[in-house]
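Okay, work03.cif now, which holds mmCIF, C-alpha atoms:
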```cif
data_upload
loop_
_atom_site.label_atom_id
_atom_site.label_comp_id
_atom_site.auth_asym_id
_atom_site.auth_seq_id
_atom_site.Cartn_x
_atom_site.Cartn_y
_atom_site.Cartn_z
CA MET M 1 47.90 -27.48 23.90
CA PRO M 2 48.73 -31.16 24.21
CA VAL M 3 49.68 -33.02 21.08
CA SER M 4 47.82 -36.27 20.69
CA ALA M 5 49.53 -39.39 19.41
CA SER M 6 47.45 -39.39 16.26
CA THR M 7 48.42 -35.87 15.15
CA ARG M 8 52.00 -35.85 16.34
CA PRO M 9 54.59 -36.10 13.54
CA VAL M 10 56.47 -39.37 13.62
CA ALA M 11 60.17 -39.01 14.12
CA ALA M 12 62.48 -40.96 11.84
CA ALA M 13 63.62 -43.08 14.78
CA ASP M 14 60.01 -43.99 15.64
CA ARG M 15 59.14 -45.26 12.15
CA LYS M 16 58.87 -48.99 11.69
CA PRO M 17 61.01 -50.47 8.95
CA ARG M 18 58.98 -51.19 5.85
CA ASP M 19 57.80 -54.77 5.74
CA ARG M 20 59.91 -56.47 3.03
CA SER M 21 57.22 -59.03 2.24
CA ARG M 22 54.77 -56.21 1.49
CA GLY M 23 57.25 -54.66 -0.98
CA TRP M 24 57.79 -58.04 -2.61
CA ALA M 25 54.03 -58.51 -2.96
CA ARG M 26 53.64 -55.09 -4.59
CA TRP M 27 56.52 -55.81 -7.01
CA MET M 28 55.03 -59.23 -7.87
CA PHE M 29 51.59 -57.68 -8.48
CA TYR M 30 52.84 -55.01 -10.86
CA SER M 31 55.21 -57.38 -12.63
CA HIS M 32 52.36 -59.84 -13.13
CA LEU M 33 50.03 -57.08 -14.31
CA TRP M 34 52.35 -55.51 -16.89
CA LEU M 35 53.77 -58.79 -18.17
CA GLY M 36 50.18 -59.90 -18.71
CA VAL M 37 49.25 -56.69 -20.50
CA ILE M 38 52.32 -56.79 -22.75
CA THR M 39 52.05 -60.44 -23.77
CA THR M 40 48.27 -60.80 -24.01
CA GLY M 41 48.09 -60.33 -27.79
CA LEU M 42 50.93 -62.70 -28.49
CA VAL M 43 49.58 -65.39 -26.19
CA LEU M 44 46.10 -65.06 -27.74
CA ILE M 45 47.54 -65.53 -31.25
CA ILE M 46 49.42 -68.63 -30.12
CA CYS M 47 46.31 -70.00 -28.39
CA VAL M 48 43.97 -69.47 -31.35
CA THR M 49 46.41 -70.81 -33.95
CA GLY M 50 47.15 -73.80 -31.70
CA VAL M 51 43.45 -74.70 -31.52
CA LEU M 52 43.08 -74.31 -35.29
CA LEU M 53 46.14 -76.51 -35.89
CA ASN M 54 44.73 -79.18 -33.58
CA HIS M 55 41.62 -79.34 -35.77
CA LYS M 56 43.17 -78.65 -39.18
CA ARG M 57 41.85 -81.81 -40.84
CA PRO M 58 38.16 -81.32 -39.92
CA LEU M 59 38.43 -77.61 -40.83
CA GLY M 60 39.68 -78.57 -44.29
CA LEU M 61 43.06 -76.92 -43.84
CA MET M 62 44.93 -80.16 -44.55
CA PRO M 63 43.88 -82.60 -47.28
CA ASP M 64 42.79 -86.08 -46.22
CA VAL M 65 44.20 -88.47 -48.82
CA PRO M 66 42.87 -92.02 -48.58
CA ASN M 67 45.17 -94.71 -49.96
CA GLU M 68 43.97 -98.28 -50.25
CA SER M 69 47.37 -99.81 -50.91
CA PRO M 70 49.70 -99.22 -47.99
CA GLY M 71 52.82 -101.06 -49.00
CA ALA M 72 55.82 -102.13 -47.04
CA LEU M 73 58.70 -99.68 -47.04
CA PRO M 74 61.19 -102.08 -48.71
CA ALA M 75 58.78 -102.45 -51.66
CA SER M 76 58.56 -98.71 -52.27
CA LEU M 77 60.21 -96.77 -55.05
CA PRO M 78 63.41 -94.83 -54.34
CA ILE M 79 62.96 -91.38 -52.79
CA ALA M 80 64.53 -89.70 -55.85
CA GLU M 81 61.95 -91.35 -58.12
CA LEU M 82 59.07 -90.32 -55.85
CA ALA M 83 60.38 -86.74 -55.78
CA ALA M 84 60.65 -86.68 -59.60
CA ARG M 85 57.05 -87.88 -59.95
CA ALA M 86 55.88 -85.19 -57.53
CA GLU M 87 57.78 -82.51 -59.48
CA GLY M 88 56.15 -83.74 -62.70
CA ALA M 89 52.68 -83.33 -61.18
CA VAL M 90 52.98 -79.56 -60.55
CA ARG M 91 53.50 -76.54 -62.79
CA PRO M 92 57.14 -76.00 -63.82
CA GLU M 93 57.42 -72.74 -61.86
CA VAL M 94 56.33 -74.57 -58.69
CA ALA M 95 58.77 -77.44 -59.30
CA ALA M 96 61.53 -74.88 -59.91
CA THR M 97 61.19 -73.58 -56.33
CA GLY M 98 62.46 -76.92 -55.07
CA ILE M 99 61.23 -79.39 -52.52
CA ASP M 100 60.92 -78.06 -48.98
CA ARG M 101 60.26 -81.42 -47.32
CA MET M 102 59.11 -84.96 -47.86
CA ASP M 103 56.93 -86.63 -45.25
CA VAL M 104 57.19 -90.40 -45.76
CA ARG M 105 54.34 -92.36 -44.18
CA PRO M 106 54.99 -96.07 -44.65
CA GLY M 107 51.93 -97.09 -42.63
CA ASP M 108 49.68 -95.15 -45.00
CA GLY M 109 51.68 -96.11 -48.08
CA PHE M 110 52.42 -92.61 -49.35
CA VAL M 111 54.84 -89.71 -49.25
CA LYS M 112 53.78 -86.05 -49.03
CA VAL M 113 56.10 -83.81 -51.02
CA ARG M 114 55.87 -80.13 -50.05
CA PHE M 115 57.33 -77.50 -52.34
CA ASP M 116 59.03 -74.29 -51.23
CA ASP M 117 56.76 -72.00 -53.25
CA ARG M 118 54.79 -69.08 -51.85
CA GLU M 119 51.43 -70.89 -52.02
CA VAL M 120 52.91 -74.12 -50.53
CA HIS M 121 51.87 -76.82 -52.99
CA GLU M 122 51.87 -80.42 -51.83
CA VAL M 123 51.80 -83.61 -53.87
CA THR M 124 50.91 -86.97 -52.33
CA VAL M 125 52.50 -89.95 -54.10
CA ASP M 126 51.91 -93.68 -53.52
CA LEU M 127 55.12 -95.27 -52.22
CA ALA M 128 54.82 -98.56 -54.10
CA SER M 129 53.38 -97.53 -57.48
CA GLY M 130 54.51 -93.90 -57.73
CA ARG M 131 50.96 -92.91 -58.64
CA VAL M 132 50.07 -89.29 -57.80
CA LEU M 133 47.18 -89.40 -55.32
CA HIS M 134 46.64 -85.69 -54.66
CA VAL M 135 47.92 -82.29 -55.78
CA GLY M 136 46.86 -79.24 -53.83
CA LEU M 137 47.69 -76.41 -51.49
CA ARG M 138 48.56 -76.78 -47.81
CA ASN M 139 46.38 -74.14 -46.19
CA ASP M 140 47.66 -74.89 -42.69
CA VAL M 141 51.24 -73.77 -43.35
CA PHE M 142 50.33 -70.11 -42.76
CA LEU M 143 48.88 -71.06 -39.35
CA GLU M 144 51.95 -73.13 -38.48
CA LYS M 145 54.27 -70.24 -39.32
CA LEU M 146 52.11 -67.72 -37.45
CA HIS M 147 51.93 -70.05 -34.45
CA SER M 148 55.70 -70.50 -34.31
CA GLY M 149 56.56 -66.90 -35.23
CA ALA M 150 58.42 -68.05 -38.37
CA ILE M 151 56.09 -65.97 -40.55
CA PHE M 152 58.07 -62.87 -39.55
CA GLY M 153 61.44 -64.52 -40.26
CA ASP M 154 63.63 -67.18 -38.74
CA GLY M 155 64.71 -65.04 -35.79
CA TRP M 156 61.12 -64.39 -34.75
CA THR M 157 60.54 -67.96 -33.62
CA LEU M 158 62.08 -66.77 -30.36
CA LEU M 159 58.94 -64.65 -29.95
CA SER M 160 56.94 -67.83 -29.48
CA ASP M 161 59.48 -69.02 -26.91
CA ILE M 162 59.30 -65.68 -25.08
CA ALA M 163 55.51 -65.94 -25.00
CA ALA M 164 55.77 -69.45 -23.53
CA VAL M 165 58.17 -68.26 -20.81
CA ALA M 166 55.95 -65.23 -20.10
CA LEU M 167 52.92 -67.50 -19.80
CA ALA M 168 54.79 -69.72 -17.32
CA VAL M 169 55.83 -66.66 -15.29
CA LEU M 170 52.24 -65.39 -15.33
CA VAL M 171 50.93 -68.71 -14.07
CA ILE M 172 53.52 -68.92 -11.29
CA SER M 173 53.14 -65.29 -10.21
CA GLY M 174 49.35 -65.55 -10.43
CA LEU M 175 49.39 -68.56 -8.13
CA TRP M 176 51.70 -66.73 -5.76
CA LEU M 177 49.45 -63.66 -5.75
CA TRP M 178 46.46 -65.87 -5.02
CA LEU M 179 48.18 -67.94 -2.30
CA TYR M 180 50.14 -65.12 -0.60
CA PRO M 181 47.18 -63.47 1.19
CA ARG M 182 45.90 -66.87 2.31
CA ALA M 183 49.30 -67.93 3.65
CA ARG M 184 49.62 -64.72 5.69
CA SER M 185 46.29 -65.31 7.43
#
```
For the file at hand, write its structure as structure tokens.
Amino acid sequence: MPVSASTRPVAAADRKPRDRSRGWARWMFYSHLWLGVITTGLVLIICVTGVLLNHKRPLGLMPDVPNESPGALPASLPIAELAARAEGAVRPEVAATGIDRMDVRPGDGFVKVRFDDREVHEVTVDLASGRVLHVGLRNDVFLEKLHSGAIFGDGWTLLSDIAAVALAVLVISGLWLWLYPRARS
């Protein structure tokens, strides 16, 4: 009985070498797929917290402190005096945690003094007069730390960087996967 070409076993010498571009496409597809699956949650957290941080003032996460007397920077009180006035405006246990940062805004005429306590208290002090304009909590600090990964510890900020690199790889590989079939045609 004659053996037809379709049923005849293919000898090793008759096989065509596997197309390298096809193997590369398969590797790119699965790499793109699993990198996307693995990083989806992290990228979503960064996206949502980024949007919330962009709109933190209208959402009431950051206090809006109007100040009618923006003074020139040379006319302002010394930084040490402004810090002492801010420490006097909060409870002693908050002041004892120390100052985390001071955000001096000469154009607005005030300095925001943020304490290193768990609740993250902030005192806004007028630069020229030293008058306390606002005492309250910074509700956006949790979002900032979650967005950067710092909420899990200093070393975890690399997680945010890894997510950014993964997102860039996903965009590039996604474009390649979309363009590859069109380029072959």
Hey, can I get the axis-aligned box for range 162-166 of chain M? All listed atoms, 5 Å padding on each side, centre and edge lengths in Å to one decimal, as AutoDock Vina command-line options.
```
--center_x 57.4 --center_y -67.3 --center_z -22.6 --size_x 13.8 --size_y 14.2 --size_z 15.0
```
request  = Please provide as a ChimeraX atom specification all residues within 10 Å of Thr39 in chain M, with the sequence filter that same-chain residues fewer than 2 positions apart are discarded (counting all atoms listed in the file).
outcome  = /M:34-37,41-44,162-164,166-167,170
key: Separation of CA of Leu158 in chain M from CA of Phe142 in chain M, in Å and rounded to one decimal   = 17.4 Å
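Interatomic distance, CA of Gly98 in chain M to CA of Asp117 in chain M: 7.7 Å.
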Given the PyMOL selection byres ((chain M and resi 52) around 12), the residues it picks as a VMD selection string = chain M and resid 45 to 51 53 to 62 139 to 144 146 to 147
request  = Just say which residues the PyMOL selection byres ((chain M and resi 129) around 10) picks in this file, as a list of chain:residue names.
outcome  =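 Checked against the file, the PyMOL selection byres ((chain M and resi 129) around 10) matches M:Ser69, M:Gly71, M:Ala75, M:Ser76, M:Leu77, M:Leu82, M:Gly109, M:Phe110, M:Val125, M:Asp126, M:Leu127, M:Ala128, M:Gly130, M:Arg131, M:Val132.
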Export C-alpha atoms of the chosen residues as a JSON list (two decimals), keeping the file's coordinate frame?
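Written out: again.json:
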```
[["chain", "number", "residue", "atom", "x", "y", "z"],
["M", 69, "SER", "CA", 47.37, -99.81, -50.91],
["M", 71, "GLY", "CA", 52.82, -101.06, -49.00],
["M", 75, "ALA", "CA", 58.78, -102.45, -51.66],
["M", 76, "SER", "CA", 58.56, -98.71, -52.27],
["M", 77, "LEU", "CA", 60.21, -96.77, -55.05],
["M", 82, "LEU", "CA", 59.07, -90.32, -55.85],
["M", 109, "GLY", "CA", 51.68, -96.11, -48.08],
["M", 110, "PHE", "CA", 52.42, -92.61, -49.35],
["M", 125, "VAL", "CA", 52.50, -89.95, -54.10],
["M", 126, "ASP", "CA", 51.91, -93.68, -53.52],
["M", 127, "LEU", "CA", 55.12, -95.27, -52.22],
["M", 128, "ALA", "CA", 54.82, -98.56, -54.10],
["M", 130, "GLY", "CA", 54.51, -93.90, -57.73],
["M", 131, "ARG", "CA", 50.96, -92.91, -58.64],
["M", 132, "VAL", "CA", 50.07, -89.29, -57.80]]
```
ask   = Evaluating the PyMOL selection byres ((chain M and resi 137) around 7) on the displayed file yields which residues, as a ChimeraX atom specification?
value = /M:119-122,136,138-139
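Minimum atom-to-atom distances from M:Asp116, M:Asp154, M:Glu81, M:Asp64 to Thr97 in chain M were compared using all atoms listed in the file, and the lowest value belongs to M:Asp116.
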Block slice range 14-126 of chain M, C-alpha atoms, emitted as an mmCIF file, in the first residue's frame:
```
data_model
loop_
_atom_site.group_PDB
_atom_site.id
_atom_site.type_symbol
_atom_site.label_atom_id
_atom_site.label_comp_id
_atom_site.auth_asym_id
_atom_site.auth_seq_id
_atom_site.Cartn_x
_atom_site.Cartn_y
_atom_site.Cartn_z
ATOM 1 C CA ASP M 14 13.199 16.514 6.363
ATOM 2 C CA ARG M 15 12.023 18.724 9.241
ATOM 3 C CA LYS M 16 12.278 22.453 8.781
ATOM 4 C CA PRO M 17 14.187 24.319 11.452
ATOM 5 C CA ARG M 18 11.849 26.036 13.866
ATOM 6 C CA ASP M 19 11.259 29.636 12.935
ATOM 7 C CA ARG M 20 13.172 31.715 15.517
ATOM 8 C CA SER M 21 10.837 34.689 15.183
ATOM 9 C CA ARG M 22 7.883 32.459 16.097
ATOM 10 C CA GLY M 23 9.682 31.305 19.272
ATOM 11 C CA TRP M 24 10.494 34.908 20.154
ATOM 12 C CA ALA M 25 6.853 35.883 19.673
ATOM 13 C CA ARG M 26 5.679 33.065 21.942
ATOM 14 C CA TRP M 27 8.234 34.033 24.628
ATOM 15 C CA MET M 28 7.192 37.702 24.388
ATOM 16 C CA PHE M 29 3.504 36.781 24.678
ATOM 17 C CA TYR M 30 3.922 34.670 27.806
ATOM 18 C CA SER M 31 6.347 37.115 29.392
ATOM 19 C CA HIS M 32 3.886 39.939 28.774
ATOM 20 C CA LEU M 33 0.995 37.866 30.095
ATOM 21 C CA TRP M 34 2.613 36.743 33.357
ATOM 22 C CA LEU M 35 4.321 40.047 34.088
ATOM 23 C CA GLY M 36 0.919 41.677 33.683
ATOM 24 C CA VAL M 37 -0.773 39.163 35.952
ATOM 25 C CA ILE M 38 1.897 39.461 38.652
ATOM 26 C CA THR M 39 2.063 43.259 38.735
ATOM 27 C CA THR M 40 -1.608 44.117 38.180
ATOM 28 C CA GLY M 41 -2.439 44.641 41.861
ATOM 29 C CA LEU M 42 0.610 46.759 42.522
ATOM 30 C CA VAL M 43 0.072 48.912 39.449
ATOM 31 C CA LEU M 44 -3.606 49.402 40.356
ATOM 32 C CA ILE M 45 -2.668 50.580 43.872
ATOM 33 C CA ILE M 46 -0.160 53.046 42.424
ATOM 34 C CA CYS M 47 -2.716 54.290 39.873
ATOM 35 C CA VAL M 48 -5.535 54.802 42.391
ATOM 36 C CA THR M 49 -3.337 56.464 45.019
ATOM 37 C CA GLY M 50 -1.789 58.676 42.329
ATOM 38 C CA VAL M 51 -5.226 59.931 41.249
ATOM 39 C CA LEU M 52 -6.224 60.554 44.876
ATOM 40 C CA LEU M 53 -2.983 62.462 45.510
ATOM 41 C CA ASN M 54 -3.578 64.602 42.427
ATOM 42 C CA HIS M 55 -6.917 65.681 43.905
ATOM 43 C CA LYS M 56 -6.037 65.704 47.611
ATOM 44 C CA ARG M 57 -7.068 69.310 48.219
ATOM 45 C CA PRO M 58 -10.605 69.044 46.767
ATOM 46 C CA LEU M 59 -11.079 65.684 48.533
ATOM 47 C CA GLY M 60 -10.229 67.335 51.859
ATOM 48 C CA LEU M 61 -7.131 65.236 52.439
ATOM 49 C CA MET M 62 -4.894 68.304 52.724
ATOM 50 C CA PRO M 63 -5.947 71.468 54.566
ATOM 51 C CA ASP M 64 -6.285 74.666 52.552
ATOM 52 C CA VAL M 65 -4.929 77.456 54.751
ATOM 53 C CA PRO M 66 -5.616 80.957 53.458
ATOM 54 C CA ASN M 67 -3.158 83.618 54.589
ATOM 55 C CA GLU M 68 -3.795 87.264 53.819
ATOM 56 C CA SER M 69 -0.335 88.498 54.741
ATOM 57 C CA PRO M 70 2.280 86.914 52.519
ATOM 58 C CA GLY M 71 5.472 88.573 53.645
ATOM 59 C CA ALA M 72 8.863 88.746 52.087
ATOM 60 C CA LEU M 73 11.279 86.058 53.191
ATOM 61 C CA PRO M 74 13.835 88.488 54.694
ATOM 62 C CA ALA M 75 11.099 89.876 56.979
ATOM 63 C CA SER M 76 10.190 86.465 58.378
ATOM 64 C CA LEU M 77 11.065 85.117 61.789
ATOM 65 C CA PRO M 78 13.987 82.699 62.158
ATOM 66 C CA ILE M 79 13.232 79.050 61.387
ATOM 67 C CA ALA M 80 14.021 78.026 64.984
ATOM 68 C CA GLU M 81 11.429 80.492 66.294
ATOM 69 C CA LEU M 82 8.795 79.264 63.828
ATOM 70 C CA ALA M 83 9.517 75.654 64.830
ATOM 71 C CA ALA M 84 9.190 76.535 68.537
ATOM 72 C CA ARG M 85 5.815 78.196 67.920
ATOM 73 C CA ALA M 86 4.606 75.141 66.016
ATOM 74 C CA GLU M 87 5.736 72.841 68.842
ATOM 75 C CA GLY M 88 3.850 75.035 71.330
ATOM 76 C CA ALA M 89 0.639 74.659 69.323
ATOM 77 C CA VAL M 90 0.418 70.850 69.644
ATOM 78 C CA ARG M 91 0.106 68.454 72.575
ATOM 79 C CA PRO M 92 3.412 67.775 74.369
ATOM 80 C CA GLU M 93 3.456 64.111 73.299
ATOM 81 C CA VAL M 94 3.167 65.187 69.638
ATOM 82 C CA ALA M 95 5.915 67.810 70.026
ATOM 83 C CA ALA M 96 8.110 65.180 71.707
ATOM 84 C CA THR M 97 8.111 63.069 68.524
ATOM 85 C CA GLY M 98 10.078 65.803 66.796
ATOM 86 C CA ILE M 99 9.658 67.673 63.561
ATOM 87 C CA ASP M 100 9.690 65.532 60.428
ATOM 88 C CA ARG M 101 9.838 68.410 57.946
ATOM 89 C CA MET M 102 9.200 72.083 57.437
ATOM 90 C CA ASP M 103 7.742 73.282 54.149
ATOM 91 C CA VAL M 104 8.515 76.998 53.813
ATOM 92 C CA ARG M 105 6.293 78.815 51.320
ATOM 93 C CA PRO M 106 7.452 82.423 51.047
ATOM 94 C CA GLY M 107 4.937 83.251 48.304
ATOM 95 C CA ASP M 108 2.070 82.250 50.592
ATOM 96 C CA GLY M 109 3.709 83.723 53.690
ATOM 97 C CA PHE M 110 3.673 80.594 55.843
ATOM 98 C CA VAL M 111 5.582 77.496 56.866
ATOM 99 C CA LYS M 112 3.995 74.061 57.299
ATOM 100 C CA VAL M 113 5.592 72.144 60.150
ATOM 101 C CA ARG M 114 4.934 68.391 60.027
ATOM 102 C CA PHE M 115 5.588 66.267 63.089
ATOM 103 C CA ASP M 116 6.901 62.711 63.088
ATOM 104 C CA ASP M 117 4.013 61.289 65.120
ATOM 105 C CA ARG M 118 1.833 58.366 64.081
ATOM 106 C CA GLU M 119 -1.184 60.545 63.200
ATOM 107 C CA VAL M 120 1.011 63.088 61.317
ATOM 108 C CA HIS M 121 0.050 66.430 62.848
ATOM 109 C CA GLU M 122 0.806 69.589 60.912
ATOM 110 C CA VAL M 123 0.938 73.182 62.116
ATOM 111 C CA THR M 124 0.837 76.115 59.710
ATOM 112 C CA VAL M 125 2.602 79.240 61.011
ATOM 113 C CA ASP M 126 2.709 82.745 59.486
#
```
